[in-house]
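Coordinates as given in start_35.cif (mmCIF, C-alpha atoms):
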data_final
#
loop_
_atom_site.label_atom_id
_atom_site.label_comp_id
_atom_site.auth_asym_id
_atom_site.auth_seq_id
_atom_site.Cartn_x
_atom_site.Cartn_y
_atom_site.Cartn_z
CA MET A 1 10.44 -10.62 20.98
CA THR A 2 8.72 -13.33 18.93
CA ASP A 3 8.56 -13.37 15.18
CA THR A 4 4.79 -13.78 14.78
CA LEU A 5 1.92 -11.45 15.60
CA GLY A 6 0.19 -14.07 17.77
CA THR A 7 -1.98 -12.35 20.35
CA ARG A 8 -0.55 -8.89 19.74
CA ASP A 9 -3.17 -6.15 19.41
CA ASP A 10 -5.00 -5.72 16.13
CA ALA A 11 -7.07 -2.85 14.75
CA SER A 12 -10.17 -3.92 16.70
CA SER A 13 -8.43 -3.05 19.97
CA ALA A 14 -8.01 0.63 19.04
CA ALA A 15 -10.22 3.00 21.02
CA SER A 16 -9.98 6.03 18.73
CA PHE A 17 -9.12 7.10 15.20
CA ASN A 18 -5.72 8.31 16.36
CA ASP A 19 -4.99 4.97 18.02
CA ALA A 20 -6.21 2.99 15.02
CA MET A 21 -4.07 4.98 12.60
CA GLY A 22 -1.03 5.50 14.83
CA VAL A 23 -1.43 9.28 14.69
CA GLY A 24 1.45 10.82 16.62
CA ARG A 25 1.82 14.20 18.27
CA GLY A 26 4.19 15.70 15.73
CA ASP A 27 6.64 16.33 18.57
CA LEU A 28 9.88 14.34 18.79
CA THR A 29 10.75 15.26 22.37
CA GLY A 30 11.87 12.09 24.14
CA VAL A 31 11.70 9.94 21.00
CA ARG A 32 14.82 7.78 20.72
CA HIS A 33 17.08 7.59 17.68
CA ALA A 34 17.96 4.40 15.82
CA SER A 35 21.53 4.71 17.01
CA GLU A 36 20.38 4.47 20.64
CA ASP A 37 18.89 0.98 20.55
CA GLY A 38 21.12 -0.52 17.85
CA VAL A 39 18.20 -2.04 15.92
CA LYS A 40 18.56 -1.56 12.18
CA LEU A 41 15.15 -1.68 10.50
CA SER A 42 15.05 -2.37 6.78
CA LEU A 43 12.57 -1.84 3.95
CA ASN A 44 12.18 -3.43 0.55
CA GLY A 45 10.79 -0.65 -1.65
CA VAL A 46 7.26 0.67 -2.03
CA ASP A 47 4.21 -1.57 -1.58
CA HIS A 48 1.58 1.06 -2.32
CA THR A 49 0.61 4.67 -2.00
CA ALA A 50 -3.06 5.59 -1.59
CA ARG A 51 -5.27 8.63 -2.11
CA PRO A 52 -9.00 9.24 -1.90
CA THR A 53 -11.04 9.57 -5.06
CA TRP A 54 -14.53 10.84 -5.72
CA LYS A 55 -14.37 9.78 -9.39
CA LEU A 56 -14.55 6.02 -9.46
CA ASN A 57 -15.20 5.55 -13.18
CA GLU A 58 -12.64 8.04 -14.38
CA THR A 59 -9.97 6.72 -12.01
CA VAL A 60 -10.35 3.15 -13.22
CA GLU A 61 -10.53 4.28 -16.84
CA PHE A 62 -7.38 6.38 -16.48
CA TYR A 63 -5.12 3.95 -14.67
CA ARG A 64 -6.38 0.66 -16.12
CA ASP A 65 -7.60 1.55 -19.59
CA ILE A 66 -5.48 4.55 -20.59
CA LEU A 67 -2.19 3.94 -18.75
CA GLY A 68 -2.66 0.19 -18.95
CA LEU A 69 -1.83 -0.65 -15.34
CA PRO A 70 -3.42 -3.96 -14.31
CA LEU A 71 -6.13 -3.70 -11.65
CA VAL A 72 -4.77 -6.36 -9.32
CA HIS A 73 -6.81 -6.10 -6.13
CA ALA A 74 -10.03 -4.54 -4.90
CA ILE A 75 -11.49 -4.45 -1.40
CA SER A 76 -15.17 -3.58 -0.96
CA ALA A 77 -16.27 -3.21 2.62
CA ARG A 78 -18.73 -1.82 5.11
CA GLY A 79 -17.30 1.08 7.01
CA TRP A 80 -15.48 -0.18 10.07
CA GLY A 81 -13.09 1.04 12.72
CA PRO A 82 -13.59 4.65 13.68
CA PRO A 83 -17.19 5.88 14.05
CA GLY A 84 -18.63 7.50 10.92
CA HIS A 85 -16.34 5.63 8.54
CA HIS A 86 -18.02 5.33 5.15
CA ASP A 87 -18.52 2.08 3.33
CA PHE A 88 -15.69 2.00 0.85
CA LEU A 89 -13.81 0.52 -2.07
CA HIS A 90 -10.03 0.26 -1.90
CA PHE A 91 -8.43 -0.76 -5.18
CA PHE A 92 -4.92 -1.28 -6.44
CA PHE A 93 -3.18 -0.89 -9.80
CA GLU A 94 0.11 -2.65 -10.48
CA ALA A 95 2.96 -0.21 -11.16
CA GLY A 96 5.83 -2.64 -11.60
CA ASN A 97 8.43 -4.20 -9.33
CA GLY A 98 5.79 -5.11 -6.74
CA ALA A 99 4.55 -1.55 -6.24
CA THR A 100 0.93 -0.55 -6.60
CA ILE A 101 -0.97 2.73 -6.63
CA ALA A 102 -4.18 2.52 -4.64
CA PHE A 103 -7.32 4.56 -4.15
CA PHE A 104 -10.14 4.78 -1.63
CA TYR A 105 -13.65 5.56 -2.79
CA TYR A 106 -15.84 6.49 0.17
CA ILE A 107 -19.41 5.60 -0.67
CA GLY A 108 -22.01 8.30 -0.17
CA SER A 109 -19.45 11.04 0.44
CA GLU A 110 -18.84 14.24 -1.45
CA ARG A 111 -15.40 15.71 -1.98
CA PRO A 112 -14.70 18.30 0.74
CA GLU A 113 -13.48 21.67 -0.52
CA ARG A 114 -9.98 21.17 0.88
CA TYR A 115 -9.45 18.11 -1.35
CA VAL A 116 -10.04 20.08 -4.54
CA PRO A 117 -6.73 20.16 -6.49
CA GLU A 118 -4.85 23.44 -6.53
CA GLU A 119 -2.53 24.81 -9.18
CA HIS A 120 0.21 25.43 -6.66
CA HIS A 121 3.57 23.85 -5.95
CA PHE A 122 2.55 23.04 -2.36
CA TYR A 123 -0.20 20.84 -3.76
CA PHE A 124 2.01 19.27 -6.44
CA ALA A 125 4.63 18.32 -3.87
CA THR A 126 2.50 15.27 -3.03
CA HIS A 127 2.87 13.08 -6.07
CA THR A 128 3.62 9.58 -7.27
CA ALA A 129 6.82 9.03 -9.28
CA TRP A 130 7.21 5.79 -11.21
CA ALA A 131 10.56 4.52 -12.42
CA VAL A 132 11.51 3.51 -15.95
CA GLU A 133 14.94 2.19 -16.83
CA THR A 134 15.90 3.83 -20.09
CA GLU A 135 15.64 7.04 -22.07
CA ALA A 136 13.78 5.12 -24.78
CA GLU A 137 11.14 4.02 -22.26
CA LEU A 138 10.69 7.58 -21.00
CA ILE A 139 10.19 8.82 -24.55
CA GLU A 140 7.77 5.97 -25.22
CA TRP A 141 5.70 6.95 -22.17
CA LYS A 142 5.50 10.58 -23.19
CA GLU A 143 4.77 10.06 -26.85
CA THR A 144 2.31 7.21 -26.30
CA LEU A 145 0.33 9.11 -23.68
CA GLU A 146 0.24 12.18 -25.90
CA ARG A 147 -1.05 10.10 -28.79
CA ARG A 148 -3.74 8.79 -26.44
CA GLY A 149 -4.74 12.38 -25.69
CA ILE A 150 -3.10 12.98 -22.32
CA LYS A 151 -1.39 16.32 -21.72
CA VAL A 152 2.20 15.62 -20.66
CA SER A 153 4.88 18.05 -19.49
CA PRO A 154 8.15 18.59 -21.34
CA TYR A 155 11.11 16.47 -20.23
CA THR A 156 12.74 17.87 -17.10
CA LYS A 157 16.31 16.95 -16.23
CA HIS A 158 16.98 17.28 -12.51
CA GLU A 159 20.35 16.47 -11.03
CA ILE A 160 20.08 12.68 -11.11
CA LEU A 161 16.60 12.23 -12.60
CA GLU A 162 14.88 12.97 -15.89
CA SER A 163 11.11 13.20 -15.64
CA ILE A 164 7.79 13.83 -17.30
CA TYR A 165 4.65 14.87 -15.44
CA PHE A 166 0.92 14.63 -15.97
CA THR A 167 -2.19 14.58 -13.82
CA ASP A 168 -4.90 12.00 -13.33
CA PRO A 169 -8.65 12.78 -13.50
CA ASN A 170 -8.60 13.55 -9.78
CA GLY A 171 -5.96 16.21 -10.40
CA TYR A 172 -3.28 14.15 -8.69
CA PRO A 173 0.20 14.67 -10.12
CA VAL A 174 1.98 11.66 -11.56
CA GLU A 175 5.63 11.52 -12.64
CA VAL A 176 7.53 9.03 -14.74
CA THR A 177 11.25 9.25 -14.17
CA ARG A 178 14.55 7.59 -14.95
CA ARG A 179 17.81 7.68 -13.05
CA LEU A 180 20.52 9.47 -15.01
CA ARG A 181 23.28 7.91 -12.95
CA GLU A 182 23.79 5.85 -9.83
CA THR A 183 24.42 7.89 -6.70
CA GLU A 184 27.94 7.77 -5.27
CA GLN A 185 29.43 8.16 -1.82
CA ILE A 186 29.92 11.90 -2.46
CA ASP A 187 26.18 12.30 -3.07
CA GLU A 188 25.51 11.02 0.43
CA VAL A 189 28.21 13.18 1.95
CA ASP A 190 26.87 16.21 0.12
CA ALA A 191 23.26 15.48 1.08
CA ALA A 192 24.26 15.29 4.74
CA LEU A 193 26.10 18.62 4.55
CA THR A 194 23.29 20.37 2.65
CA MET A 195 20.68 19.22 5.11
CA GLN A 196 22.89 20.05 8.09
CA ALA A 197 23.31 23.58 6.73
CA ALA A 198 19.58 24.00 6.14
CA MET A 199 18.64 22.54 9.53
CA GLU A 200 21.06 24.89 11.30
CA VAL A 201 19.58 27.88 9.45
CA GLU A 202 16.06 26.71 10.35
CA THR A 203 17.01 26.40 14.03
CA GLU A 204 18.56 29.87 14.06
CA SER A 205 15.63 31.40 12.19
CA ARG A 206 13.14 29.89 14.61
CA ALA A 207 15.17 31.13 17.58
CA SER A 208 14.91 34.67 16.27
CA GLY A 209 11.23 34.32 15.37
CA ARG A 210 11.79 34.58 11.62
CA LEU A 211 11.19 32.36 8.62
CA MET A 212 14.23 31.00 6.80
CA PRO A 213 15.20 33.96 4.58
CA ASP A 214 16.46 32.37 1.37
CA ILE A 215 18.53 29.53 -0.09
CA ASP A 216 21.57 31.83 -0.32
CA THR A 217 21.79 31.76 3.48
CA VAL A 218 21.86 27.95 3.34
CA TRP A 219 24.52 28.03 0.59
CA ARG A 220 26.74 30.29 2.72
CA ARG A 221 26.40 27.97 5.72
CA LYS A 222 27.11 25.04 3.44
CA ALA A 223 30.34 26.73 2.30
CA ARG A 224 31.52 26.77 5.90
CA LEU A 225 30.58 23.14 6.45
CA VAL A 226 32.31 22.03 3.24
CA SER A 227 35.45 23.96 4.19
CA ASP A 228 35.45 22.27 7.59
CA TYR A 229 34.80 18.90 5.99
CA LYS A 230 37.69 19.30 3.55
CA ALA A 231 40.02 20.39 6.36
CA GLY A 232 38.98 17.43 8.53
CA PRO A 233 40.45 13.93 8.72
CA GLN A 234 41.12 12.30 5.35
CA MET B 1 37.76 36.31 -1.46
CA ILE B 2 34.99 34.29 -3.05
CA GLU B 3 34.88 30.52 -2.70
CA VAL B 4 32.51 28.31 -4.67
CA HIS B 5 32.49 24.63 -3.73
CA VAL B 6 31.50 22.29 -6.53
CA ILE B 7 30.51 18.69 -5.92
CA ASP B 8 32.55 16.41 -8.19
CA VAL B 9 29.67 14.85 -10.15
CA PRO B 10 28.76 15.14 -13.85
CA GLU B 11 25.94 17.68 -13.40
CA PHE B 12 28.16 20.28 -11.73
CA ARG B 13 31.59 19.55 -13.21
CA PRO B 14 31.03 22.05 -16.07
CA MET B 15 31.25 24.81 -13.43
CA VAL B 16 34.90 23.81 -13.05
CA GLU B 17 35.63 23.06 -16.69
CA THR B 18 34.36 26.41 -17.95
CA GLN B 19 36.60 28.31 -15.51
CA ARG B 20 39.82 26.46 -16.48
CA ASN B 21 40.99 29.26 -18.77
CA ASN B 22 39.91 32.09 -16.48
CA PRO B 23 43.08 33.64 -15.03
CA ASP B 24 41.13 35.26 -12.21
CA VAL B 25 39.85 31.97 -10.84
CA THR B 26 41.94 29.48 -8.89
CA ILE B 27 40.78 25.88 -9.06
CA THR B 28 41.68 23.32 -6.41
CA GLY B 29 40.56 19.74 -6.01
CA PRO B 30 38.78 17.54 -6.23
CA ASP B 31 39.45 17.08 -2.54
CA LYS B 32 37.20 14.62 -0.72
CA GLY B 33 34.62 15.02 -3.50
CA TYR B 34 34.65 18.80 -3.86
CA TRP B 35 36.32 21.23 -6.22
CA THR B 36 36.81 24.75 -4.92
CA LEU B 37 36.84 27.79 -7.20
CA SER B 38 38.24 30.94 -5.63
CA ALA B 39 38.60 34.46 -6.94
CA PRO B 40 39.38 37.88 -5.42
CA VAL B 41 36.60 39.96 -7.00
CA GLN B 42 33.96 38.01 -8.88
CA ILE B 43 33.11 34.80 -10.70
CA VAL B 44 30.65 34.66 -13.59
CA PHE B 45 28.97 31.46 -14.74
CA SER B 46 27.21 31.08 -18.08
CA ARG B 47 24.41 28.56 -18.29
CA LYS B 48 24.75 28.09 -22.03
CA GLU B 49 28.50 27.63 -21.85
CA MET B 50 27.99 24.95 -19.21
CA LYS B 51 25.08 23.41 -21.18
CA MET B 52 23.15 23.28 -17.92
CA LYS B 53 19.44 22.49 -17.81
CA PRO B 54 17.31 24.94 -15.79
CA ALA B 55 16.57 22.49 -12.96
CA VAL B 56 20.30 22.19 -12.28
CA TRP B 57 21.05 25.88 -12.96
CA TYR B 58 18.72 27.00 -10.19
CA GLY B 59 20.64 24.83 -7.73
CA ILE B 60 24.06 25.80 -9.02
CA PHE B 61 25.51 26.77 -5.62
CA THR B 62 24.29 23.72 -3.74
CA GLY B 63 27.92 22.78 -3.09
CA GLY B 64 28.33 25.91 -0.96
CA LEU B 65 28.90 29.59 -1.71
CA ASN B 66 31.19 31.81 0.31
CA GLY B 67 30.08 34.93 -1.48
CA GLU B 68 27.03 36.80 -2.56
CA ILE B 69 24.94 36.65 -5.71
CA ALA B 70 25.25 40.11 -7.26
CA GLU B 71 23.31 39.34 -10.45
CA TRP B 72 21.06 36.42 -11.16
CA GLY B 73 19.47 35.59 -14.49
CA ARG B 74 18.30 32.66 -16.55
CA ASP B 75 21.59 32.48 -18.40
CA GLU B 76 24.21 34.18 -16.29
CA VAL B 77 25.05 34.52 -12.62
CA ARG B 78 27.70 36.78 -11.09
CA VAL B 79 28.94 36.25 -7.56
CA VAL B 80 31.01 38.68 -5.53
CA GLY B 81 32.69 38.61 -2.13
CA THR B 82 30.67 39.16 1.03
CA ASN B 83 31.15 40.02 4.67
CA ARG B 84 27.92 38.31 5.61
CA PRO B 85 28.31 35.49 8.12
CA LEU B 86 28.64 31.96 6.79
#

Do you think you could lay out the structure here as structure tokens?
Amino acid sequence: MTDTLGTRDDASSAASFNDAMGVGRGDLTGVRHASEDGVKLSLNGVDHTARPTWKLNETVEFYRDILGLPLVHAISARGWGPPGHHDFLHFFFEAGNGATIAFFYYIGSERPERYVPEEHHFYFATHTAWAVETEAELIEWKETLERRGIKVSPYTKHEILESIYFTDPNGYPVEVTRRLRETEQIDEVDAALTMQAAMEVETESRASGRLMPDIDTVWRRKARLVSDYKAGPQ
Amino acid sequence: MIEVHVIDVPEFRPMVETQRNNPDVTITGPDKGYWTLSAPVQIVFSRKEMKMKPAVWYGIFTGGLNGEIAEWGRDEVRVVGTNRPL
């Protein structure tokens, strides 16, 4: 393996949308695990997230003028790649620590019905969460945005995070959050056991043609796994 | 016998601390990062006593529950023993 792209394929060599975007089959049969080839890939945080917008003016006004995030890059281009791709703008707002939040504006398109925001937790699961370092900064975000006329949620303390939420003019949920403590080794151990319990219950539910019944079932399986873990090697 | 496993971190430690004076509950640990509360009949947790925020309260048994939730409310939860499989 060489360490430059050289003559490796680029986007122009893709024959279809799925090839251009690396769209997989959603099936992991035959896909190898990291432990099998010994290659440890690493990442260095978030570069950007991106969503479509059909409100160019309001999006720029909200992120740049109301939140005050610098507009640091904008691409304007003819549609290229897959057939039918609209001409577009792709623009980026700086969110600190090298991360940006980006949008696509597809020229001459109208928002399809399925992209209309919904007041439902499934929809709100897809969101952007920005980090602040201190309680004072979190308070400053909430109170400043409220003074500017933005509706902001109450403070919500999760296990290791404290957050506020609001939505942008597109209806996209945004979160500002601070870490309440650093995670420890036990957090990783516990996460592994919780997810093992839930994955086992999912497998068993699927095998019997049912949906996972409730979290209590996961908590009972977790109790068994924790007992086994405590009884295992020190 | 009911067993409630409690991860030894600040958010969940009040589950242990508020049972210290309960003669019906046996506390062991922390062992490899988990406390275990056990009791023959029931264990009751009070959200206000533990000063627990709702987002943590609703995940109170994430450490593992060998038992069954008999009553669940915003401020109090009562767990009892169960024969259901773990």

Closest pair table for chain A residues within 7 Å of chain B, all atoms listed in the file, as a tab-separated table:
residue	atom	partner	partner_atom	distance
A:Lys157	CA	B:Ala55	CA	6.4
A:His158	CA	B:Ala55	CA	5.2
A:Glu159	CA	B:Val56	CA	5.9
A:Ile186	CA	B:Gly33	CA	5.7
A:Trp219	CA	B:Gly64	CA	4.6
A:Arg220	CA	B:Leu86	CA	4.8
A:Arg221	CA	B:Leu86	CA	4.7
A:Lys222	CA	B:Gly64	CA	4.6
A:Ala223	CA	B:Gly64	CA	3.9
A:Arg224	CA	B:Leu86	CA	6.0
A:Val226	CA	B:Gly64	CA	7.0
A:Lys230	CA	B:Lys32	CA	6.4

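The shell of residues at most 10 Å from region 65-74 of chain A, with all atoms listed in the file counted and near chain neighbours (fewer than 3 positions) removed, consists of Glu58, Thr59, Val60, Glu61, Phe62, Ala77, Leu89, His90, Phe91, Phe92, Phe93, Glu94, Ala95, Gly96, Thr100, Ile101, Ala102, Phe103, Phe104, Trp141, Thr144, Leu145, Arg148, Gly149 and Ile150 of chain A.
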
(Q) Using all atoms listed in the file and a cutoff of 12 Å, can you tell me which residues are near (-7.5, 14.0, -10.1) in the file's coordinates, and write them out as a PyMOL selection string? (A) chain A and resi 51-60+62-63+103+111+115-119+123-124+127+166-174

Q: Quote the spacing between CA of Val132 (chain A) and CA of Gln185 (chain A) in Å to one decimal place.
A: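 Distance reported for this atom pair: 23.3 Å.
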
Q.
Would you compute the distance between CA of Thr194 (chain A) and CA of Asp228 (chain A)? Give it in Å to one decimal.
A.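 For CA of Thr194 (chain A) relative to CA of Asp228 (chain A), the distance reads 13.3 Å.
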
(Q) Nearest residue to Arg47 (chain B) out of B:Pro14, B:Val79, B:Ala70, B:Trp35, using all atoms listed in the file? (A)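 Under the stated criterion, the closest residue is B:Pro14.
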
Q | Point-to-point distance in Å for CA of Ser13 (chain A) and CA of Gly38 (chain A) | A | 29.7 Å

Q.
Once the PyMOL selection byres ((chain B and resi 41) around 9) is applied to the coordinates I shared, what remains selected? I want it as a PyMOL selection string.
A. chain B and resi 1-2+24+39-40+42-43+79-81

Kindly save the residues from that selection, with C-alpha atoms included, as a PDB file, in the frame of the given file.
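Output contents, as saved in again-v9.pdb:
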ATOM      1  CA  MET B   1      37.760  36.310  -1.460  1.00  0.00           C
ATOM      2  CA  ILE B   2      34.990  34.290  -3.050  1.00  0.00           C
ATOM      3  CA  ASP B  24      41.130  35.260 -12.210  1.00  0.00           C
ATOM      4  CA  ALA B  39      38.600  34.460  -6.940  1.00  0.00           C
ATOM      5  CA  PRO B  40      39.380  37.880  -5.420  1.00  0.00           C
ATOM      6  CA  GLN B  42      33.960  38.010  -8.880  1.00  0.00           C
ATOM      7  CA  ILE B  43      33.110  34.800 -10.700  1.00  0.00           C
ATOM      8  CA  VAL B  79      28.940  36.250  -7.560  1.00  0.00           C
ATOM      9  CA  VAL B  80      31.010  38.680  -5.530  1.00  0.00           C
ATOM     10  CA  GLY B  81      32.690  38.610  -2.130  1.00  0.00           C
TER      11      GLY B  81
END

Q: Taking the file as shown, find all residues satisfying the PyMOL selection byres ((chain A and resi 87) around 8) and write them as a ChimeraX atom specification.
A: /A:76-80,85-86,88-89,106-108

Q: Determine the residue membership of the PyMOL selection byres ((chain B and resi 77) around 7) for the file above and supply it as a list of chain:residue names.
A: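 Output of the PyMOL selection byres ((chain B and resi 77) around 7): B:Val44, B:Phe45, B:Ser46, B:Glu71, B:Trp72, B:Gly73, B:Glu76, B:Arg78, B:Val79.
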
Q: Please provide the set of residues having any atom within 8 Å of region 176-180 of chain A, restricted to only C-alpha atoms, with same-chain residues fewer than 6 positions apart removed, written as number ranges by chain.
A: A: 129-135, 138, 141, 160-165

Can you complete the atoms of region 23-50 of chain B to N, CA and C atoms and list them as an mmCIF file, in the coordinates of the input?
data_model
loop_
_atom_site.group_PDB
_atom_site.id
_atom_site.type_symbol
_atom_site.label_atom_id
_atom_site.label_comp_id
_atom_site.auth_asym_id
_atom_site.auth_seq_id
_atom_site.Cartn_x
_atom_site.Cartn_y
_atom_site.Cartn_z
ATOM 1 N N PRO B 23 41.911 33.374 -15.867
ATOM 2 C CA PRO B 23 43.080 33.640 -15.030
ATOM 3 C C PRO B 23 42.734 34.197 -13.657
ATOM 4 N N ASP B 24 41.525 34.689 -13.497
ATOM 5 C CA ASP B 24 41.130 35.260 -12.210
ATOM 6 C C ASP B 24 40.614 34.228 -11.220
ATOM 7 N N VAL B 25 40.434 33.000 -11.694
ATOM 8 C CA VAL B 25 39.850 31.970 -10.840
ATOM 9 C C VAL B 25 40.878 30.881 -10.555
ATOM 10 N N THR B 26 41.048 30.574 -9.291
ATOM 11 C CA THR B 26 41.940 29.480 -8.890
ATOM 12 C C THR B 26 41.095 28.241 -8.613
ATOM 13 N N ILE B 27 41.531 27.135 -9.210
ATOM 14 C CA ILE B 27 40.780 25.880 -9.060
ATOM 15 C C ILE B 27 41.606 24.916 -8.217
ATOM 16 N N THR B 28 41.013 24.382 -7.170
ATOM 17 C CA THR B 28 41.680 23.320 -6.410
ATOM 18 C C THR B 28 40.750 22.125 -6.306
ATOM 19 N N GLY B 29 41.362 20.946 -6.187
ATOM 20 C CA GLY B 29 40.560 19.740 -6.010
ATOM 21 C C GLY B 29 40.649 18.807 -7.210
ATOM 22 N N PRO B 30 39.798 17.794 -7.248
ATOM 23 C CA PRO B 30 38.780 17.540 -6.230
ATOM 24 C C PRO B 30 39.395 16.962 -4.948
ATOM 25 N N ASP B 31 38.945 17.488 -3.847
ATOM 26 C CA ASP B 31 39.450 17.080 -2.540
ATOM 27 C C ASP B 31 38.261 16.551 -1.740
ATOM 28 N N LYS B 32 38.293 15.280 -1.446
ATOM 29 C CA LYS B 32 37.200 14.620 -0.720
ATOM 30 C C LYS B 32 35.848 14.843 -1.400
ATOM 31 N N GLY B 33 35.873 14.929 -2.738
ATOM 32 C CA GLY B 33 34.620 15.020 -3.500
ATOM 33 C C GLY B 33 34.201 16.427 -3.880
ATOM 34 N N TYR B 34 34.996 17.425 -3.509
ATOM 35 C CA TYR B 34 34.650 18.800 -3.860
ATOM 36 C C TYR B 34 35.790 19.513 -4.565
ATOM 37 N N TRP B 35 35.443 20.231 -5.644
ATOM 38 C CA TRP B 35 36.320 21.230 -6.220
ATOM 39 C C TRP B 35 36.050 22.539 -5.487
ATOM 40 N N THR B 36 37.058 23.404 -5.436
ATOM 41 C CA THR B 36 36.810 24.750 -4.920
ATOM 42 C C THR B 36 37.348 25.760 -5.927
ATOM 43 N N LEU B 37 36.463 26.674 -6.324
ATOM 44 C CA LEU B 37 36.840 27.790 -7.200
ATOM 45 C C LEU B 37 36.993 29.002 -6.304
ATOM 46 N N SER B 38 38.112 29.714 -6.410
ATOM 47 C CA SER B 38 38.240 30.940 -5.630
ATOM 48 C C SER B 38 38.701 32.078 -6.517
ATOM 49 N N ALA B 39 38.270 33.279 -6.151
ATOM 50 C CA ALA B 39 38.600 34.460 -6.940
ATOM 51 C C ALA B 39 38.530 35.685 -6.031
ATOM 52 N N PRO B 40 39.345 36.711 -6.305
ATOM 53 C CA PRO B 40 39.380 37.880 -5.420
ATOM 54 C C PRO B 40 38.169 38.802 -5.575
ATOM 55 N N VAL B 41 37.624 38.938 -6.762
ATOM 56 C CA VAL B 41 36.600 39.960 -7.000
ATOM 57 C C VAL B 41 35.238 39.381 -7.388
ATOM 58 N N GLN B 42 35.242 38.558 -8.420
ATOM 59 C CA GLN B 42 33.960 38.010 -8.880
ATOM 60 C C GLN B 42 34.185 36.735 -9.689
ATOM 61 N N ILE B 43 33.123 35.943 -9.783
ATOM 62 C CA ILE B 43 33.110 34.800 -10.700
ATOM 63 C C ILE B 43 31.771 34.847 -11.445
ATOM 64 N N VAL B 44 31.856 34.663 -12.753
ATOM 65 C CA VAL B 44 30.650 34.660 -13.590
ATOM 66 C C VAL B 44 30.485 33.268 -14.197
ATOM 67 N N PHE B 45 29.274 32.746 -14.107
ATOM 68 C CA PHE B 45 28.970 31.460 -14.740
ATOM 69 C C PHE B 45 27.936 31.674 -15.836
ATOM 70 N N SER B 46 28.144 30.990 -16.960
ATOM 71 C CA SER B 46 27.210 31.080 -18.080
ATOM 72 C C SER B 46 26.494 29.743 -18.242
ATOM 73 N N ARG B 47 25.190 29.798 -18.204
ATOM 74 C CA ARG B 47 24.410 28.560 -18.290
ATOM 75 C C ARG B 47 24.620 27.871 -19.629
ATOM 76 N N LYS B 48 24.618 28.686 -20.687
ATOM 77 C CA LYS B 48 24.750 28.090 -22.030
ATOM 78 C C LYS B 48 26.121 27.460 -22.224
ATOM 79 N N GLU B 49 27.143 28.162 -21.719
ATOM 80 C CA GLU B 49 28.500 27.630 -21.850
ATOM 81 C C GLU B 49 28.606 26.282 -21.126
ATOM 82 N N MET B 50 27.935 26.187 -20.003
ATOM 83 C CA MET B 50 27.990 24.950 -19.210
ATOM 84 C C MET B 50 26.998 23.907 -19.703
#
